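Trainee: Handing over input-v1.cif, mmCIF, C-alpha atoms and all ligand atoms.
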```cif
data_data
loop_
_atom_site.label_atom_id
_atom_site.label_comp_id
_atom_site.auth_asym_id
_atom_site.auth_seq_id
_atom_site.Cartn_x
_atom_site.Cartn_y
_atom_site.Cartn_z
CA MET A 1 0.00 0.00 0.00
CA PHE A 2 1.37 3.26 -1.04
CA ILE A 3 -0.31 6.61 -1.22
CA ASN A 4 1.21 8.90 -3.75
CA TRP A 5 0.09 12.29 -2.57
CA LYS A 6 1.66 14.08 -5.44
CA MET A 7 -0.09 12.13 -8.14
CA ARG A 8 -3.13 11.62 -5.94
CA GLU A 9 -2.96 7.86 -6.27
CA ILE A 10 -3.37 4.94 -3.94
CA ASN A 11 -1.25 2.03 -5.09
CA LEU A 12 -1.79 -1.60 -4.17
CA LYS A 13 0.47 -4.46 -5.10
CA ILE A 14 -1.10 -7.87 -5.58
CA VAL A 15 0.99 -10.89 -6.43
CA TYR A 16 -0.26 -14.03 -8.15
CA TYR A 17 1.69 -16.89 -6.65
CA GLY A 18 1.55 -20.63 -7.29
CA PRO A 19 3.33 -23.61 -8.82
CA SER A 20 4.56 -23.36 -12.38
CA LEU A 21 1.91 -23.69 -15.08
CA SER A 22 -0.98 -23.36 -12.62
CA GLY A 23 -2.48 -20.47 -14.64
CA LYS A 24 -1.10 -17.26 -13.11
CA THR A 25 -0.19 -15.64 -16.40
CA THR A 26 -3.55 -16.77 -17.83
CA ASN A 27 -5.30 -14.92 -14.96
CA LEU A 28 -3.52 -11.69 -15.87
CA GLN A 29 -4.20 -12.16 -19.58
CA CYS A 30 -7.87 -12.59 -18.81
CA ILE A 31 -7.99 -9.49 -16.58
CA HIS A 32 -6.15 -7.55 -19.24
CA SER A 33 -8.56 -8.58 -21.98
CA ARG A 34 -11.60 -7.76 -19.86
CA THR A 35 -10.65 -4.25 -18.85
CA ASN A 36 -11.13 -1.03 -20.67
CA PRO A 37 -7.81 -0.08 -22.34
CA ARG A 38 -8.11 3.36 -20.75
CA GLN A 39 -8.05 1.76 -17.32
CA ARG A 40 -5.01 -0.39 -17.73
CA GLY A 41 -1.44 -0.45 -18.98
CA GLU A 42 0.31 -2.94 -21.16
CA LEU A 43 0.66 -6.53 -19.96
CA ILE A 44 4.39 -7.02 -19.63
CA CYS A 45 5.65 -10.59 -19.69
CA LEU A 46 9.27 -11.42 -18.97
CA LYS A 47 9.52 -14.92 -20.27
CA THR A 48 11.96 -17.45 -21.58
CA ARG A 49 11.82 -18.84 -25.07
CA GLY A 50 9.71 -21.70 -23.80
CA ASP A 51 6.99 -19.23 -22.79
CA ARG A 52 7.62 -19.81 -19.11
CA THR A 53 7.62 -16.78 -16.86
CA LEU A 54 11.23 -15.81 -16.10
CA TYR A 55 10.95 -12.79 -13.83
CA PHE A 56 7.34 -11.79 -13.58
CA ASP A 57 4.36 -10.56 -15.51
CA PHE A 58 3.10 -7.11 -14.70
CA MET A 59 0.08 -5.02 -15.43
CA GLN A 60 -1.47 -1.98 -13.87
CA LEU A 61 -5.17 -1.42 -13.47
CA GLU A 62 -6.74 1.83 -12.36
CA LEU A 63 -10.14 3.04 -11.25
CA GLY A 64 -11.70 6.48 -11.25
CA ARG A 65 -10.95 8.79 -8.34
CA ILE A 66 -12.39 8.06 -4.94
CA ARG A 67 -12.32 11.06 -2.65
CA GLY A 68 -9.75 12.68 -4.86
CA LEU A 69 -7.48 9.63 -4.94
CA LYS A 70 -7.09 7.34 -7.92
CA PRO A 71 -6.78 3.64 -6.96
CA LYS A 72 -4.11 1.81 -8.94
CA PHE A 73 -3.54 -1.91 -8.71
CA ASN A 74 -0.18 -3.31 -9.64
CA LEU A 75 -0.65 -6.96 -10.50
CA TYR A 76 2.35 -9.26 -10.65
CA THR A 77 2.87 -12.96 -11.23
CA VAL A 78 5.91 -14.83 -10.04
CA PRO A 79 7.70 -17.64 -11.86
CA GLY A 80 6.77 -20.99 -10.35
CA GLN A 81 9.89 -22.98 -11.12
CA PRO A 82 11.80 -23.70 -7.92
CA CYS A 83 15.03 -22.32 -9.41
CA TYR A 84 13.72 -18.76 -9.39
CA VAL A 85 13.59 -18.24 -5.64
CA ALA A 86 15.37 -14.90 -5.78
CA SER A 87 13.00 -13.43 -8.31
CA ARG A 88 9.94 -14.70 -6.41
CA ARG A 89 11.21 -12.99 -3.32
CA LEU A 90 11.83 -9.69 -5.01
CA VAL A 91 8.38 -9.64 -6.55
CA LEU A 92 6.85 -10.29 -3.11
CA GLN A 93 8.62 -7.24 -1.72
CA GLY A 94 6.05 -4.61 -0.83
CA ALA A 95 3.11 -6.88 -1.72
CA ASP A 96 -0.19 -6.03 -0.05
CA GLY A 97 -1.86 -9.31 -0.84
CA VAL A 98 -1.40 -12.64 -2.59
CA VAL A 99 -3.66 -14.63 -4.87
CA TYR A 100 -2.53 -18.22 -4.62
CA VAL A 101 -3.34 -19.99 -7.89
CA ALA A 102 -3.46 -23.72 -7.25
CA ASP A 103 -3.45 -26.28 -10.05
CA SER A 104 -6.42 -28.58 -9.39
CA GLN A 105 -4.91 -31.57 -11.16
CA LEU A 106 -4.29 -34.60 -8.96
CA ASN A 107 -0.69 -34.90 -10.07
CA ARG A 108 0.01 -31.31 -8.94
CA LEU A 109 -1.10 -31.75 -5.33
CA LYS A 110 2.44 -31.97 -4.06
CA ALA A 111 3.58 -29.02 -6.17
CA ASN A 112 0.76 -26.94 -4.69
CA MET A 113 1.78 -27.75 -1.16
CA ASP A 114 5.49 -27.21 -1.79
CA THR A 115 4.76 -23.83 -3.33
CA MET A 116 2.53 -22.82 -0.42
CA ARG A 117 5.41 -23.63 1.88
CA SER A 118 7.77 -21.55 -0.25
CA LEU A 119 5.31 -18.64 -0.07
CA GLU A 120 5.35 -18.87 3.67
CA GLU A 121 9.15 -18.99 3.75
CA ASN A 122 9.60 -16.11 1.32
CA LEU A 123 7.19 -13.93 3.24
CA ARG A 124 8.94 -14.79 6.46
CA ALA A 125 12.24 -13.71 4.89
CA LEU A 126 10.56 -10.34 4.30
CA GLY A 127 9.42 -10.22 7.91
CA VAL A 128 5.78 -11.08 7.19
CA SER A 129 3.75 -13.98 8.54
CA LEU A 130 1.49 -15.70 6.00
CA HIS A 131 -0.98 -16.19 8.82
CA ASP A 132 -1.98 -12.57 9.04
CA PHE A 133 -1.33 -11.72 5.42
CA PRO A 134 -4.19 -11.05 2.97
CA LEU A 135 -4.48 -14.26 0.95
CA VAL A 136 -7.06 -15.48 -1.54
CA LEU A 137 -7.05 -19.04 -2.85
CA GLN A 138 -7.97 -19.95 -6.38
CA TYR A 139 -8.45 -23.57 -7.45
CA ASN A 140 -7.79 -23.36 -11.16
CA LYS A 141 -8.29 -25.79 -14.05
CA ARG A 142 -11.61 -27.01 -12.71
CA ASP A 143 -12.47 -28.02 -16.29
CA LEU A 144 -9.97 -30.87 -16.39
CA PRO A 145 -11.12 -34.45 -15.80
CA THR A 146 -7.96 -35.03 -13.77
CA ARG A 147 -9.00 -32.43 -11.16
CA ALA A 148 -8.88 -33.30 -7.49
CA PRO A 149 -11.98 -32.79 -5.35
CA VAL A 150 -12.17 -29.29 -3.92
CA ALA A 151 -12.40 -30.72 -0.42
CA LEU A 152 -8.98 -32.29 -0.84
CA LEU A 153 -7.42 -29.04 -2.09
CA GLN A 154 -9.04 -27.20 0.78
CA MET A 155 -7.67 -29.62 3.30
CA GLN A 156 -4.17 -29.20 1.96
CA LEU A 157 -4.06 -25.48 1.25
CA ALA A 158 -6.80 -23.52 3.00
CA ARG A 159 -6.85 -22.16 6.48
CA ASP A 160 -9.87 -20.77 8.29
CA GLY A 161 -11.47 -17.72 6.78
CA VAL A 162 -9.43 -17.60 3.57
CA PRO A 163 -11.63 -16.67 0.59
CA GLN A 164 -11.61 -19.47 -1.99
CA PHE A 165 -12.64 -19.56 -5.62
CA GLN A 166 -12.89 -22.22 -8.30
CA SER A 167 -11.79 -21.16 -11.74
CA VAL A 168 -11.15 -22.01 -15.34
CA ALA A 169 -8.77 -19.19 -16.18
CA THR A 170 -8.58 -20.10 -19.87
CA GLU A 171 -12.31 -19.43 -20.13
CA GLY A 172 -12.31 -16.50 -17.76
CA VAL A 173 -14.40 -18.34 -15.17
CA GLY A 174 -13.73 -17.16 -11.61
CA VAL A 175 -10.88 -14.83 -12.55
CA ILE A 176 -12.53 -11.47 -11.94
CA GLU A 177 -14.24 -12.72 -8.77
CA THR A 178 -10.85 -13.74 -7.41
CA LEU A 179 -9.29 -10.38 -8.22
CA LYS A 180 -12.13 -8.40 -6.67
CA ALA A 181 -12.01 -10.52 -3.52
CA ALA A 182 -8.26 -9.96 -3.24
CA ILE A 183 -8.54 -6.20 -3.66
CA ASN A 184 -11.42 -5.91 -1.22
CA LEU A 185 -9.60 -8.10 1.28
CA VAL A 186 -6.44 -6.02 1.08
CA VAL A 187 -8.38 -2.81 1.52
CA SER A 188 -10.36 -4.20 4.44
CA ARG A 189 -7.12 -5.00 6.26
CA ILE A 190 -5.73 -1.49 6.14
CA MET D 1 -17.04 13.34 -0.03
CA GLU D 2 -14.10 15.06 1.53
CA THR D 3 -10.98 15.46 -0.57
CA LEU D 4 -7.64 14.92 1.13
CA ILE D 5 -5.04 17.63 0.94
CA PRO D 6 -1.53 16.25 0.53
CA PRO D 7 1.37 17.76 2.48
CA ARG D 8 3.28 20.07 0.16
CA GLU D 9 6.78 20.50 1.48
CA PRO D 10 8.56 17.24 0.61
CA PHE D 11 6.83 17.02 -2.75
CA ILE D 12 7.86 20.49 -3.77
CA LYS D 13 11.43 19.63 -2.87
CA ILE D 14 11.27 16.44 -4.92
CA GLU D 15 9.72 18.22 -7.87
CA ASN D 16 12.37 20.91 -7.80
CA CYS D 17 15.15 18.43 -7.50
CA LEU D 18 13.88 16.32 -10.43
CA ASP D 19 13.32 19.43 -12.55
CA ARG D 20 16.86 20.57 -11.88
CA LEU D 21 18.22 17.14 -12.70
CA LEU D 22 16.25 16.99 -15.92
CA ASN D 23 17.44 20.42 -17.07
CA ARG D 24 21.05 20.14 -16.07
CA SER D 25 21.56 16.62 -17.38
CA ARG D 26 19.53 17.28 -20.55
CA ALA D 27 17.88 13.88 -20.13
CA LEU D 28 14.61 12.92 -21.79
CA CYS D 29 12.84 11.79 -18.68
CA VAL D 30 13.51 11.06 -15.01
CA LEU D 31 11.58 8.74 -12.71
CA LEU D 32 11.55 8.40 -8.96
CA ALA D 33 10.26 5.06 -7.63
CA ASP D 34 10.39 3.02 -4.48
CA ILE D 35 12.23 -0.29 -4.42
CA SER D 36 9.03 -2.30 -4.66
CA GLY D 37 8.48 -0.72 -8.08
CA GLN D 38 5.87 1.95 -7.33
CA LEU D 39 6.27 5.16 -9.26
CA ILE D 40 6.49 8.27 -7.06
CA SER D 41 7.22 11.05 -9.51
CA GLU D 42 8.16 11.55 -13.13
CA LYS D 43 9.49 14.51 -15.10
CA GLY D 44 10.26 15.21 -18.72
CA ASN D 45 8.95 13.76 -21.91
CA ASN D 46 7.32 10.42 -21.18
CA GLU D 47 5.48 10.22 -24.46
CA GLY D 48 5.21 6.63 -25.58
CA LEU D 49 6.70 5.38 -22.31
CA ASP D 50 4.73 3.24 -19.88
CA THR D 51 6.34 4.79 -16.82
CA SER D 52 4.52 2.55 -14.32
CA ALA D 53 5.88 -0.51 -16.06
CA LEU D 54 9.32 1.10 -16.28
CA ALA D 55 9.28 1.70 -12.52
CA ALA D 56 8.38 -1.95 -11.88
CA LEU D 57 11.07 -3.16 -14.29
CA THR D 58 13.85 -0.90 -13.01
CA ALA D 59 13.09 -1.91 -9.42
CA SER D 60 13.33 -5.58 -10.29
CA ASN D 61 16.46 -4.90 -12.31
CA MET D 62 18.04 -3.33 -9.22
CA ALA D 63 16.94 -6.25 -7.07
CA ALA D 64 18.29 -8.82 -9.52
CA THR D 65 21.68 -7.11 -9.72
CA ALA D 66 21.78 -6.84 -5.94
CA GLU D 67 21.60 -10.61 -6.00
CA ILE D 68 24.44 -10.69 -8.54
CA ALA D 69 26.52 -8.50 -6.21
CA ARG D 70 25.84 -10.93 -3.40
CA GLN D 71 26.93 -13.86 -5.56
CA LEU D 72 30.13 -11.98 -6.34
CA ASP D 73 30.77 -11.57 -2.63
CA GLU D 74 30.41 -7.81 -2.89
CA PRO D 75 29.89 -6.17 0.50
CA ALA D 76 26.99 -4.04 -0.80
CA PRO D 77 24.59 -3.97 -3.76
CA PHE D 78 25.69 -2.04 -6.85
CA SER D 79 24.81 1.61 -6.37
CA TYR D 80 23.94 2.24 -10.00
CA LEU D 81 23.21 0.47 -13.28
CA PHE D 82 23.68 1.72 -16.79
CA HIS D 83 22.14 0.23 -19.92
CA GLU D 84 23.33 1.63 -23.20
CA GLY D 85 21.00 1.33 -26.17
CA GLN D 86 21.34 2.34 -29.80
CA ARG D 87 19.19 5.44 -29.39
CA ARG D 88 18.22 5.63 -25.75
CA HIS D 89 20.01 4.78 -22.57
CA ILE D 90 18.95 4.36 -18.99
CA TYR D 91 20.89 5.11 -15.85
CA ILE D 92 19.45 3.77 -12.59
CA SER D 93 20.72 4.77 -9.20
CA ALA D 94 19.73 3.62 -5.72
CA ILE D 95 18.67 6.30 -3.25
CA GLY D 96 19.46 4.73 0.09
CA ALA D 97 17.72 1.42 0.64
CA SER D 98 14.15 2.44 -0.16
CA PHE D 99 14.07 4.46 -3.37
CA LEU D 100 15.58 4.62 -6.82
CA LEU D 101 16.10 7.14 -9.55
CA ALA D 102 15.96 6.30 -13.27
CA ILE D 103 17.22 8.67 -15.95
CA ILE D 104 16.39 8.06 -19.59
CA PHE D 105 18.51 9.96 -22.08
CA ASP D 106 19.66 10.03 -25.70
CA GLU D 107 22.39 11.64 -27.84
CA MET D 108 21.45 15.12 -26.55
CA THR D 109 23.68 14.45 -23.57
CA GLN D 110 26.44 12.17 -22.31
CA ILE D 111 26.73 9.54 -19.65
CA GLY D 112 29.40 11.56 -17.82
CA LEU D 113 27.04 14.47 -17.38
CA VAL D 114 24.15 12.26 -16.40
CA ARG D 115 26.26 10.51 -13.79
CA ILE D 116 27.45 13.75 -12.18
CA PHE D 117 23.99 15.28 -11.89
CA ALA D 118 22.48 11.99 -10.83
CA ARG D 119 24.90 11.86 -7.92
CA LEU D 120 23.97 15.39 -6.85
CA ALA D 121 20.26 14.58 -7.10
CA VAL D 122 20.64 11.36 -5.14
CA ASN D 123 22.25 13.25 -2.26
CA GLU D 124 19.41 15.76 -2.19
CA LEU D 125 16.74 13.10 -2.55
CA LEU D 126 18.24 11.05 0.28
CA GLU D 127 17.32 13.84 2.67
CA VAL D 128 13.83 14.40 1.29
CA ALA D 129 13.08 10.69 1.12
CA SER D 130 13.39 10.35 4.86
CA GLU D 131 10.82 13.15 5.26
CA LEU D 132 8.58 11.45 2.75
CA GLU D 133 8.59 7.96 4.17
CA PRO D 134 6.12 8.53 7.02
CA TRP D 135 3.63 10.01 4.55
CA LEU D 136 3.72 6.99 2.33
CA GLU D 137 2.40 5.00 5.25
CA LYS D 138 -0.52 7.26 6.06
CA ALA D 139 -2.98 4.98 4.35
CA SER D 140 -5.19 4.23 7.33
CA ALA D 141 -6.22 7.87 7.44
CA VAL D 142 -7.72 7.58 3.97
CA VAL D 143 -9.16 4.12 3.80
CA ASP D 144 -12.31 3.99 5.88
CA ARG D 145 -15.65 2.27 5.35
CA GLU D 146 -16.89 4.84 2.92
CA PHE D 147 -13.73 4.52 0.85
CA ARG D 148 -13.96 0.72 0.84
CA GLY D 149 -17.56 0.83 -0.30
CA ALA D 150 -16.75 3.24 -3.12
CA LEU D 151 -13.80 1.10 -4.17
CA ALA D 152 -15.86 -2.10 -4.27
CA GLN D 153 -18.44 -0.27 -6.39
CA GLY D 154 -15.74 1.07 -8.71
CA LEU D 155 -14.48 -2.48 -9.19
CA ASP D 156 -17.95 -3.75 -10.03
CA GLU D 157 -18.34 -1.00 -12.58
CA ALA D 158 -14.95 -1.68 -14.11
CA PHE D 159 -15.91 -5.30 -14.77
CA ALA D 160 -19.60 -4.81 -15.49
N1 LIG S 1 -7.52 -26.68 -19.03
C1 LIG S 1 -7.09 -25.55 -18.47
N2 LIG S 1 -5.88 -25.07 -18.79
C2 LIG S 1 -5.47 -23.94 -18.19
C3 LIG S 1 -6.28 -23.23 -17.26
N3 LIG S 1 -5.59 -22.13 -16.85
C4 LIG S 1 -4.42 -22.15 -17.52
N4 LIG S 1 -4.32 -23.23 -18.32
C5 LIG S 1 -3.22 -23.62 -19.20
O1 LIG S 1 -2.12 -24.00 -18.40
C6 LIG S 1 -0.88 -23.62 -19.04
C7 LIG S 1 -0.05 -22.79 -18.09
O2 LIG S 1 -0.71 -21.55 -17.83
P1 LIG S 1 0.10 -20.25 -17.40
O3 LIG S 1 -0.91 -19.19 -17.16
O4 LIG S 1 1.17 -19.96 -18.38
O5 LIG S 1 0.72 -20.77 -16.04
P2 LIG S 1 1.74 -20.01 -15.04
O6 LIG S 1 3.02 -20.74 -15.13
O7 LIG S 1 1.10 -20.17 -13.70
O8 LIG S 1 1.84 -18.58 -15.47
C8 LIG S 1 -1.27 -22.89 -20.30
O9 LIG S 1 -1.19 -23.79 -21.37
C9 LIG S 1 -2.70 -22.47 -20.06
O10 LIG S 1 -3.43 -22.34 -21.24
C10 LIG S 1 -7.55 -23.77 -16.93
O11 LIG S 1 -8.32 -23.25 -16.12
N5 LIG S 1 -7.90 -24.92 -17.57
MG MG S 2 3.54 -17.50 -16.02
#
```
Starting from the coordinates I provided, produce the structure as structure tokens.
Mentor:
Amino acid sequence: MFINWKMREINLKIVYYGPSLSGKTTNLQCIHSRTNPRQRGELICLKTRGDRTLYFDFMQLELGRIRGLKPKFNLYTVPGQPCYVASRRLVLQGADGVVYVADSQLNRLKANMDTMRSLEENLRALGVSLHDFPLVLQYNKRDLPTRAPVALLQMQLARDGVPQFQSVATEGVGVIETLKAAINLVVSRI
Amino acid sequence: METLIPPREPFIKIENCLDRLLNRSRALCVLLADISGQLISEKGNNEGLDTSALAALTASNMAATAEIARQLDEPAPFSYLFHEGQRRHIYISAIGASFLLAIIFDEMTQIGLVRIFARLAVNELLEVASELEPWLEKASAVVDREFRGALAQGLDEAFA
């Protein structure tokens, strides 16, 4: 959270976190395609040749002024591959909230849990406890036949009171709901 | 609804400092951002530049090279970065541990000049930044129930 008095803006940073290929970039692409071009910047993707996120994806979304201040949301994704610890950590710096994008597929259960643990560790390294940090869970790829039951994902990833959403990011299902919940949660915690 | 009046002093100082830097260095554009990538102020010709994205990218660039410095067993992160392009160049300098300054320039000036005036500006901004920091945190004064309600409504409208 960052109030820029000079430009009359209130800036929030929201990070999409999750195992590689869970659908983080797809979430941002969907948000980008569904917003008025006047209310958002370019979607910047720093990726390798194989289309995997290298550093992060970034886009900015803005709303009209509220009480003279313009809300701006800086949305980031982090690379999921375990080798990019340093870049995950730097993207988390200054984050106001996290959307955890889980991959619903049965064979990604372990990856989901490992990544949740890494989120906790990376936040701790920044002096923040995941426990009192604004977090929204998204169970993505609900369209796949290989999906695990939601109850199982909940048991492994959710803690009490965390907002949870089911999504099919490729079809835009659940994406906007997740984003709105994350923004409202962050703002309610201030 | 009530409109909040920002404190003027530190911002005037920052504006003046960036204006001076822009004029003396003959750069195209200067940006002040915090290390998490949020843009604080910009001066000069930003036509065709997505300055919010540039702030995010320069901040991560600084963070990535800080990691390089650590790998090289350097005692501190690099204090500046310079990327030389064919037409445009960017010089990025840390301002203490919390802020950074990015200067975009072309053949109208030279790196030597940019570096000298950047150093002067960084010293000035170091002082102002410490005055500014408490204000950046004054969010709770703004965000109350009314604000939250209006924000939620704005979001609904944006994705109607
Ligand atoms: N079937 C299905 N595929 C998805 C869904 N969301 C993303 N994908 C696909 O999963 C792959 C990885 O998505 P991407 O957004 O790049 O993952 P990231 O590594 O988390 O950024 C891509 O091929 C997407 O098209 C979904 O809800 N359902
Ligand atoms: Mg990605």
Trainee: Atom CA of Asp114 of chain A to atom CA of Ser22 of chain A: how many Å, to one decimal?
Mentor: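 For atom CA of Asp114 of chain A relative to atom CA of Ser22 of chain A, the distance reads 13.2 Å.
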Trainee: Give me, as CSV, the closest atom pair and its distance (Å, one decimal) for every residue of chain A within a cut-off of 6 Å of ligand LIG 1 (chain S), counting all atoms listed in the file, rows sorted by chain and rising number.
Mentor:
```
residue,atom,partner,partner_atom,distance
A:Ser20,CA,S:LIG1,O6,4.1
A:Leu21,CA,S:LIG1,O6,3.2
A:Ser22,CA,S:LIG1,O7,4.0
A:Gly23,CA,S:LIG1,O3,3.2
A:Lys24,CA,S:LIG1,O7,3.7
A:Thr25,CA,S:LIG1,O8,3.7
A:Thr26,CA,S:LIG1,O3,3.6
A:Asn140,CA,S:LIG1,O11,5.0
A:Lys141,CA,S:LIG1,O11,3.3
A:Asp143,CA,S:LIG1,N5,5.7
A:Leu144,CA,S:LIG1,N1,5.5
A:Ser167,CA,S:LIG1,O11,6.0
A:Val168,CA,S:LIG1,O11,3.2
A:Ala169,CA,S:LIG1,O11,4.1
A:Thr170,CA,S:LIG1,C3,4.7
```
Trainee: Could you please take those selected residues and save C-alpha atoms as a PDB file, keeping the file's coordinate frame?
Mentor:
```pdb
ATOM      1  CA  SER A  20       4.560 -23.360 -12.380  1.00  0.00           C
ATOM      2  CA  LEU A  21       1.910 -23.690 -15.080  1.00  0.00           C
ATOM      3  CA  SER A  22      -0.980 -23.360 -12.620  1.00  0.00           C
ATOM      4  CA  GLY A  23      -2.480 -20.470 -14.640  1.00  0.00           C
ATOM      5  CA  LYS A  24      -1.100 -17.260 -13.110  1.00  0.00           C
ATOM      6  CA  THR A  25      -0.190 -15.640 -16.400  1.00  0.00           C
ATOM      7  CA  THR A  26      -3.550 -16.770 -17.830  1.00  0.00           C
ATOM      8  CA  ASN A 140      -7.790 -23.360 -11.160  1.00  0.00           C
ATOM      9  CA  LYS A 141      -8.290 -25.790 -14.050  1.00  0.00           C
ATOM     10  CA  ASP A 143     -12.470 -28.020 -16.290  1.00  0.00           C
ATOM     11  CA  LEU A 144      -9.970 -30.870 -16.390  1.00  0.00           C
ATOM     12  CA  SER A 167     -11.790 -21.160 -11.740  1.00  0.00           C
ATOM     13  CA  VAL A 168     -11.150 -22.010 -15.340  1.00  0.00           C
ATOM     14  CA  ALA A 169      -8.770 -19.190 -16.180  1.00  0.00           C
ATOM     15  CA  THR A 170      -8.580 -20.100 -19.870  1.00  0.00           C
TER      16      THR A 170
END
```
Trainee: Give me, as a ChimeraX atom specification, the residues of chain A touching chain D, with the criterion being at most 6 Å (counting all atoms listed in the file).
Mentor: /A:2-3,5,67-68,93-94,190
Trainee: So how many Å separate atom CA of Glu127 of chain D and atom CA of Leu126 of chain A, to one decimal?
Mentor: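 Atom CA of Glu127 of chain D sits 25.2 Å away from atom CA of Leu126 of chain A.
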Trainee: Which is closest to Ala76 of chain D among D:Asp106, D:Gly48, D:Ala94, D:Asn16, if we use only C-alpha atoms?
Mentor: D:Ala94
Trainee: In Å, rounded to a single decimal, give me how far atom CA of Asn4 of chain A is from atom CA of His131 of chain A.
Mentor: 28.1 Å
